[in-house]
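In what follows, a single structure is set out as structure tokens and then discussed.
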Amino acid sequence: DKKIVAEAKRLGLDNSVEIKDAIENFKISTIRQSYVNNLLKDSITDQKIVEKFNEMNAELENKIEYKYYQIVFNDQAQAENIYKELKSPRKPLKFNEGARKYSIDAQTSGNGGEVDYKPESSIQKEIVETLKSLKKDEFSKPFQVGTQWYIVKTGDLKKAKPLEFESTKEYVRHLIKVDEVEKINGKFIKDLKVKILFKKDADGALN
């Protein structure tokens, strides 16, 4: 590294605008991170971690986790056609085969469209509402979520499992850190004063 740096300096690369900008940006980033770390060192306490953990567990009470199946499409027309195949009275298409063959969701298509148990809060609202309207092993009509179209089939459901402290505490610590950093950023943004400059053109109008 020392030899490479020496050669770079010999070629004058250390005086380039790109290098100077990169060094300055790194300096600013390092100083900023040092300031944030200094503010955070006493704010993320064991008590806060326990309180946040208990708060997260309380939110899981009476919550349901869903296991379901999905076929995801790019357009409505294909979704409608596959729905007709699934409902065919002669030889209906099996849902898992439809997911493997037609679903554009790479994470679930290879597994027959299966989405393993997920808490209600982490599932898109449209999907949750549709699942709640279906009976076990019943599948839905096509419906839109964002720019994509879905057909979902209900599986099992169970009460959300409480979090375990030891396996979760570092994640909880991370969440608290994110919250605290947002508060720090928010304080400085709030303190900023934005000035709008108006300039008169030749006709005296304001721009």
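Starting from 1 in every chain, residues are counted up; chains themselves are A, B, ... following the order of the structure tokens, and ligands are numbered from 1 as listed.
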
From the DSSP assignment of the backbone, select every residue of chain A that is helix (DSSP H, G or I), and format the answer as a short mmCIF file (atom, residue, chain, number, x, y, z; two decimals) with C-alpha atoms, in the first residue's frame.
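And here's selection.cif as it stands now:
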```cif
data_model
loop_
_atom_site.label_atom_id
_atom_site.label_comp_id
_atom_site.auth_asym_id
_atom_site.auth_seq_id
_atom_site.Cartn_x
_atom_site.Cartn_y
_atom_site.Cartn_z
CA LYS A 2 2.79 2.44 0.89
CA LYS A 3 4.55 1.79 -2.42
CA ILE A 4 1.32 2.25 -4.38
CA VAL A 5 0.56 5.51 -2.55
CA ALA A 6 4.11 6.75 -3.16
CA GLU A 7 3.78 6.01 -6.87
CA ALA A 8 0.37 7.73 -6.99
CA LYS A 9 1.88 10.82 -5.36
CA ARG A 10 4.79 10.76 -7.81
CA LEU A 13 -2.76 11.81 -8.47
CA ASP A 14 -3.12 12.93 -4.86
CA ASN A 15 -3.71 16.47 -6.14
CA VAL A 17 -10.01 17.03 -7.79
CA GLU A 18 -11.55 13.56 -7.40
CA ILE A 19 -9.05 12.54 -4.68
CA LYS A 20 -9.37 15.84 -2.80
CA ASP A 21 -13.18 15.59 -2.90
CA ALA A 22 -13.08 11.97 -1.72
CA ILE A 23 -10.74 12.86 1.18
CA GLU A 24 -12.91 15.80 2.19
CA ASN A 25 -16.09 13.71 2.03
CA PHE A 26 -14.46 10.98 4.11
CA LYS A 27 -13.30 13.56 6.65
CA ILE A 28 -16.79 15.05 6.93
CA SER A 29 -18.39 11.60 7.22
CA THR A 30 -15.92 10.51 9.92
CA ILE A 31 -16.39 13.67 11.99
CA ARG A 32 -20.18 13.41 11.65
CA GLN A 33 -20.15 9.76 12.74
CA SER A 34 -17.91 10.62 15.68
CA TYR A 35 -20.39 13.31 16.76
CA VAL A 36 -23.35 10.92 16.46
CA ASN A 37 -21.52 8.17 18.36
CA ASN A 38 -20.69 10.64 21.12
CA LEU A 39 -24.39 11.51 21.49
CA LEU A 40 -25.46 7.88 21.40
CA ASP A 46 -30.05 -1.76 28.86
CA GLN A 47 -33.23 -0.31 30.31
CA LYS A 48 -34.21 1.21 26.94
CA ILE A 49 -33.53 -2.09 25.21
CA VAL A 50 -35.76 -3.97 27.66
CA GLU A 51 -38.51 -1.33 27.34
CA LYS A 52 -38.39 -1.47 23.53
CA PHE A 53 -38.38 -5.28 23.61
CA ASN A 54 -41.45 -5.35 25.89
CA GLU A 55 -43.18 -2.81 23.64
CA MET A 56 -42.55 -4.97 20.56
CA ASN A 57 -43.83 -8.09 22.34
CA ALA A 58 -46.94 -6.25 23.48
CA GLU A 59 -47.68 -5.36 19.85
CA LEU A 60 -47.61 -9.08 18.98
CA GLN A 76 -54.42 -8.54 -15.22
CA ALA A 77 -55.18 -10.47 -18.40
CA GLN A 78 -52.85 -13.35 -17.53
CA ALA A 79 -54.10 -13.39 -13.93
CA GLU A 80 -57.70 -13.70 -15.16
CA ASN A 81 -56.78 -16.52 -17.55
CA ILE A 82 -54.97 -18.52 -14.86
CA TYR A 83 -57.87 -17.96 -12.46
CA LYS A 84 -60.19 -19.55 -15.05
CA GLU A 85 -57.82 -22.52 -15.31
CA LEU A 86 -57.80 -22.91 -11.52
CA PHE A 95 -52.51 -24.06 -7.45
CA ASN A 96 -48.92 -25.13 -6.71
CA GLU A 97 -48.37 -26.05 -10.35
CA GLY A 98 -49.75 -22.68 -11.43
CA ALA A 99 -47.34 -20.92 -9.07
CA ARG A 100 -44.35 -22.89 -10.36
CA LYS A 101 -45.24 -22.27 -13.99
CA TYR A 102 -46.63 -18.74 -14.04
CA ALA A 106 -38.78 -15.90 -7.61
CA GLN A 107 -38.82 -16.44 -3.83
CA THR A 108 -42.05 -18.45 -3.76
CA SER A 109 -42.68 -19.82 -7.26
CA GLU A 120 -50.07 -9.77 9.83
CA SER A 121 -48.11 -6.52 10.23
CA SER A 122 -45.49 -7.61 7.66
CA LYS A 125 -52.73 -4.76 3.49
CA GLU A 126 -54.54 -5.93 0.34
CA ILE A 127 -53.27 -9.48 0.84
CA VAL A 128 -54.24 -9.60 4.53
CA GLU A 129 -57.74 -8.34 3.79
CA THR A 130 -58.16 -10.94 1.06
CA LEU A 131 -56.89 -13.79 3.27
CA LYS A 132 -59.36 -12.81 5.99
CA PHE A 165 -34.87 -11.55 24.34
CA GLU A 166 -31.39 -13.01 23.77
CA SER A 167 -31.89 -13.59 20.05
CA THR A 168 -33.59 -10.22 19.55
CA LYS A 169 -31.73 -7.73 21.74
CA GLU A 170 -29.11 -6.72 19.13
CA TYR A 171 -31.87 -6.05 16.61
CA VAL A 172 -33.72 -4.02 19.25
CA ARG A 173 -30.51 -2.08 19.93
CA HIS A 174 -30.27 -1.35 16.20
CA LEU A 175 -33.88 -0.08 16.11
CA ILE A 176 -33.22 2.26 19.04
CA LYS A 177 -30.07 3.55 17.34
CA VAL A 178 -32.00 4.25 14.13
CA ASP A 179 -34.66 6.15 16.12
CA GLU A 180 -32.04 8.21 17.95
CA VAL A 181 -30.17 9.08 14.74
CA GLU A 182 -33.46 10.21 13.17
CA LYS A 183 -34.07 12.45 16.19
CA ILE A 184 -30.59 13.98 15.79
CA ASN A 185 -31.13 14.57 12.07
CA GLY A 186 -34.60 15.94 12.75
CA LYS A 187 -33.26 18.46 15.26
CA PHE A 188 -30.83 19.95 12.74
CA ILE A 189 -33.41 19.94 9.94
CA LYS A 190 -35.86 21.74 12.22
CA ASP A 191 -33.24 24.36 13.03
#
```

Just want the 10 Å neighbourhood of A:Thr154, counted on only C-alpha atoms, with same-chain residues fewer than 4 positions away dropped. Output as a count of residues only. 17

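Distances here use only C-alpha atoms; by that measure, the residue among A:Val72, A:Tyr117, A:Lys87, A:Lys158 closest to A:Ser103 is A:Val72.
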
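Taking atom CA of A:Lys159 and atom CA of A:Ile104 as endpoints, the distance between them is 29.8 Å.
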
Could you give me the residues within stretch 57-172 of chain A that DSSP places in strand (DSSP E or B), as a PyMOL selection string? chain A and resi 64-73+114-119+139+143-145+148-159

Selected residues, N, CA, C and O atoms, written as a short mmCIF file (atom, residue, chain, number, x, y, z; two decimals), in the first residue's frame, please.
```
data_model
loop_
_atom_site.label_atom_id
_atom_site.label_comp_id
_atom_site.auth_asym_id
_atom_site.auth_seq_id
_atom_site.Cartn_x
_atom_site.Cartn_y
_atom_site.Cartn_z
N ILE A 64 -52.00 -12.43 14.52
CA ILE A 64 -52.04 -13.71 13.82
C ILE A 64 -50.90 -13.79 12.80
O ILE A 64 -50.56 -12.80 12.15
N GLU A 65 -50.32 -14.98 12.68
CA GLU A 65 -49.35 -15.25 11.62
C GLU A 65 -50.03 -16.11 10.56
O GLU A 65 -50.72 -17.08 10.88
N TYR A 66 -49.83 -15.74 9.31
CA TYR A 66 -50.49 -16.43 8.20
C TYR A 66 -49.47 -17.25 7.40
O TYR A 66 -48.38 -16.79 7.11
N LYS A 67 -49.91 -18.46 7.05
CA LYS A 67 -49.20 -19.25 6.05
C LYS A 67 -50.13 -19.32 4.85
O LYS A 67 -51.27 -19.75 4.97
N TYR A 68 -49.65 -18.88 3.70
CA TYR A 68 -50.51 -18.83 2.53
C TYR A 68 -49.71 -19.10 1.26
O TYR A 68 -48.50 -19.30 1.30
N TYR A 69 -50.42 -19.11 0.14
CA TYR A 69 -49.79 -19.39 -1.15
C TYR A 69 -50.19 -18.30 -2.13
O TYR A 69 -51.28 -17.73 -2.03
N GLN A 70 -49.30 -18.00 -3.05
CA GLN A 70 -49.58 -16.91 -3.97
C GLN A 70 -49.05 -17.20 -5.38
O GLN A 70 -48.06 -17.91 -5.56
N ILE A 71 -49.76 -16.65 -6.36
CA ILE A 71 -49.28 -16.61 -7.74
C ILE A 71 -49.28 -15.13 -8.12
O ILE A 71 -50.30 -14.45 -7.98
N VAL A 72 -48.13 -14.65 -8.56
CA VAL A 72 -47.97 -13.22 -8.84
C VAL A 72 -47.79 -13.01 -10.34
O VAL A 72 -47.02 -13.74 -10.99
N PHE A 73 -48.50 -12.01 -10.87
CA PHE A 73 -48.48 -11.74 -12.32
C PHE A 73 -48.12 -10.28 -12.59
O PHE A 73 -48.31 -9.42 -11.74
N GLU A 114 -45.66 -21.05 -1.89
CA GLU A 114 -45.82 -21.02 -0.43
C GLU A 114 -45.11 -19.83 0.22
O GLU A 114 -43.95 -19.56 -0.06
N VAL A 115 -45.83 -19.14 1.06
CA VAL A 115 -45.27 -18.08 1.91
C VAL A 115 -45.39 -18.59 3.34
O VAL A 115 -46.50 -18.76 3.85
N ASP A 116 -44.24 -18.86 3.97
CA ASP A 116 -44.27 -19.43 5.32
C ASP A 116 -44.82 -18.41 6.31
O ASP A 116 -44.95 -17.23 5.99
N TYR A 117 -45.11 -18.84 7.51
CA TYR A 117 -45.79 -18.01 8.51
C TYR A 117 -45.19 -16.61 8.60
O TYR A 117 -44.00 -16.45 8.84
N LYS A 118 -46.04 -15.62 8.38
CA LYS A 118 -45.64 -14.22 8.49
C LYS A 118 -46.66 -13.49 9.36
O LYS A 118 -47.86 -13.72 9.22
N PRO A 119 -46.19 -12.59 10.24
CA PRO A 119 -47.15 -11.81 11.04
C PRO A 119 -47.95 -10.87 10.16
O PRO A 119 -47.47 -10.40 9.12
N PHE A 139 -59.02 -20.22 -2.65
CA PHE A 139 -58.19 -19.21 -3.30
C PHE A 139 -59.04 -18.05 -3.81
O PHE A 139 -60.24 -18.19 -4.05
N PHE A 143 -56.47 -9.94 -7.77
CA PHE A 143 -56.59 -8.58 -7.25
C PHE A 143 -55.23 -7.89 -7.39
O PHE A 143 -54.19 -8.54 -7.47
N GLN A 144 -55.27 -6.58 -7.39
CA GLN A 144 -54.07 -5.78 -7.67
C GLN A 144 -53.41 -5.31 -6.39
O GLN A 144 -54.06 -4.87 -5.44
N VAL A 145 -52.08 -5.40 -6.37
CA VAL A 145 -51.26 -4.84 -5.29
C VAL A 145 -50.15 -4.04 -5.97
O VAL A 145 -49.24 -4.62 -6.55
N GLN A 148 -48.68 -5.03 -9.61
CA GLN A 148 -48.77 -6.47 -9.87
C GLN A 148 -50.15 -7.01 -9.51
O GLN A 148 -50.93 -6.37 -8.81
N TRP A 149 -50.43 -8.22 -10.01
CA TRP A 149 -51.70 -8.89 -9.75
C TRP A 149 -51.45 -10.20 -9.01
O TRP A 149 -50.48 -10.90 -9.30
N TYR A 150 -52.32 -10.50 -8.05
CA TYR A 150 -52.14 -11.66 -7.18
C TYR A 150 -53.38 -12.56 -7.20
O TYR A 150 -54.51 -12.10 -7.32
N ILE A 151 -53.12 -13.86 -7.07
CA ILE A 151 -54.13 -14.82 -6.64
C ILE A 151 -53.54 -15.49 -5.41
O ILE A 151 -52.42 -16.00 -5.47
N VAL A 152 -54.26 -15.47 -4.30
CA VAL A 152 -53.73 -16.06 -3.07
C VAL A 152 -54.65 -17.18 -2.59
O VAL A 152 -55.85 -17.18 -2.83
N LYS A 153 -54.03 -18.13 -1.91
CA LYS A 153 -54.76 -19.27 -1.35
C LYS A 153 -54.41 -19.38 0.13
O LYS A 153 -53.25 -19.27 0.51
N THR A 154 -55.42 -19.57 0.95
CA THR A 154 -55.18 -19.64 2.39
C THR A 154 -54.55 -20.97 2.78
O THR A 154 -54.82 -22.01 2.18
N GLY A 155 -53.71 -20.89 3.82
CA GLY A 155 -53.15 -22.10 4.40
C GLY A 155 -53.55 -22.15 5.87
O GLY A 155 -54.72 -22.03 6.20
N ASP A 156 -52.57 -22.29 6.74
CA ASP A 156 -52.84 -22.32 8.17
C ASP A 156 -52.58 -20.94 8.78
O ASP A 156 -51.91 -20.09 8.18
N LEU A 157 -53.08 -20.76 9.97
CA LEU A 157 -52.74 -19.55 10.73
C LEU A 157 -52.53 -19.93 12.20
O LEU A 157 -53.01 -20.96 12.66
N LYS A 158 -51.76 -19.11 12.88
CA LYS A 158 -51.47 -19.37 14.29
C LYS A 158 -51.24 -18.05 15.00
O LYS A 158 -50.99 -17.02 14.37
N LYS A 159 -51.31 -18.11 16.32
CA LYS A 159 -51.07 -16.92 17.13
C LYS A 159 -49.59 -16.57 17.04
O LYS A 159 -48.72 -17.44 17.05
#
```

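When only C-alpha atoms are used to compute distances to A:Gly146, the closest of the residues A:Asp42, A:Asp75, A:Glu164, A:Glu61 turns out to be A:Asp75.
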
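Between atom CA of A:Lys91 and atom CA of A:Gly113 the separation is 20.1 Å.
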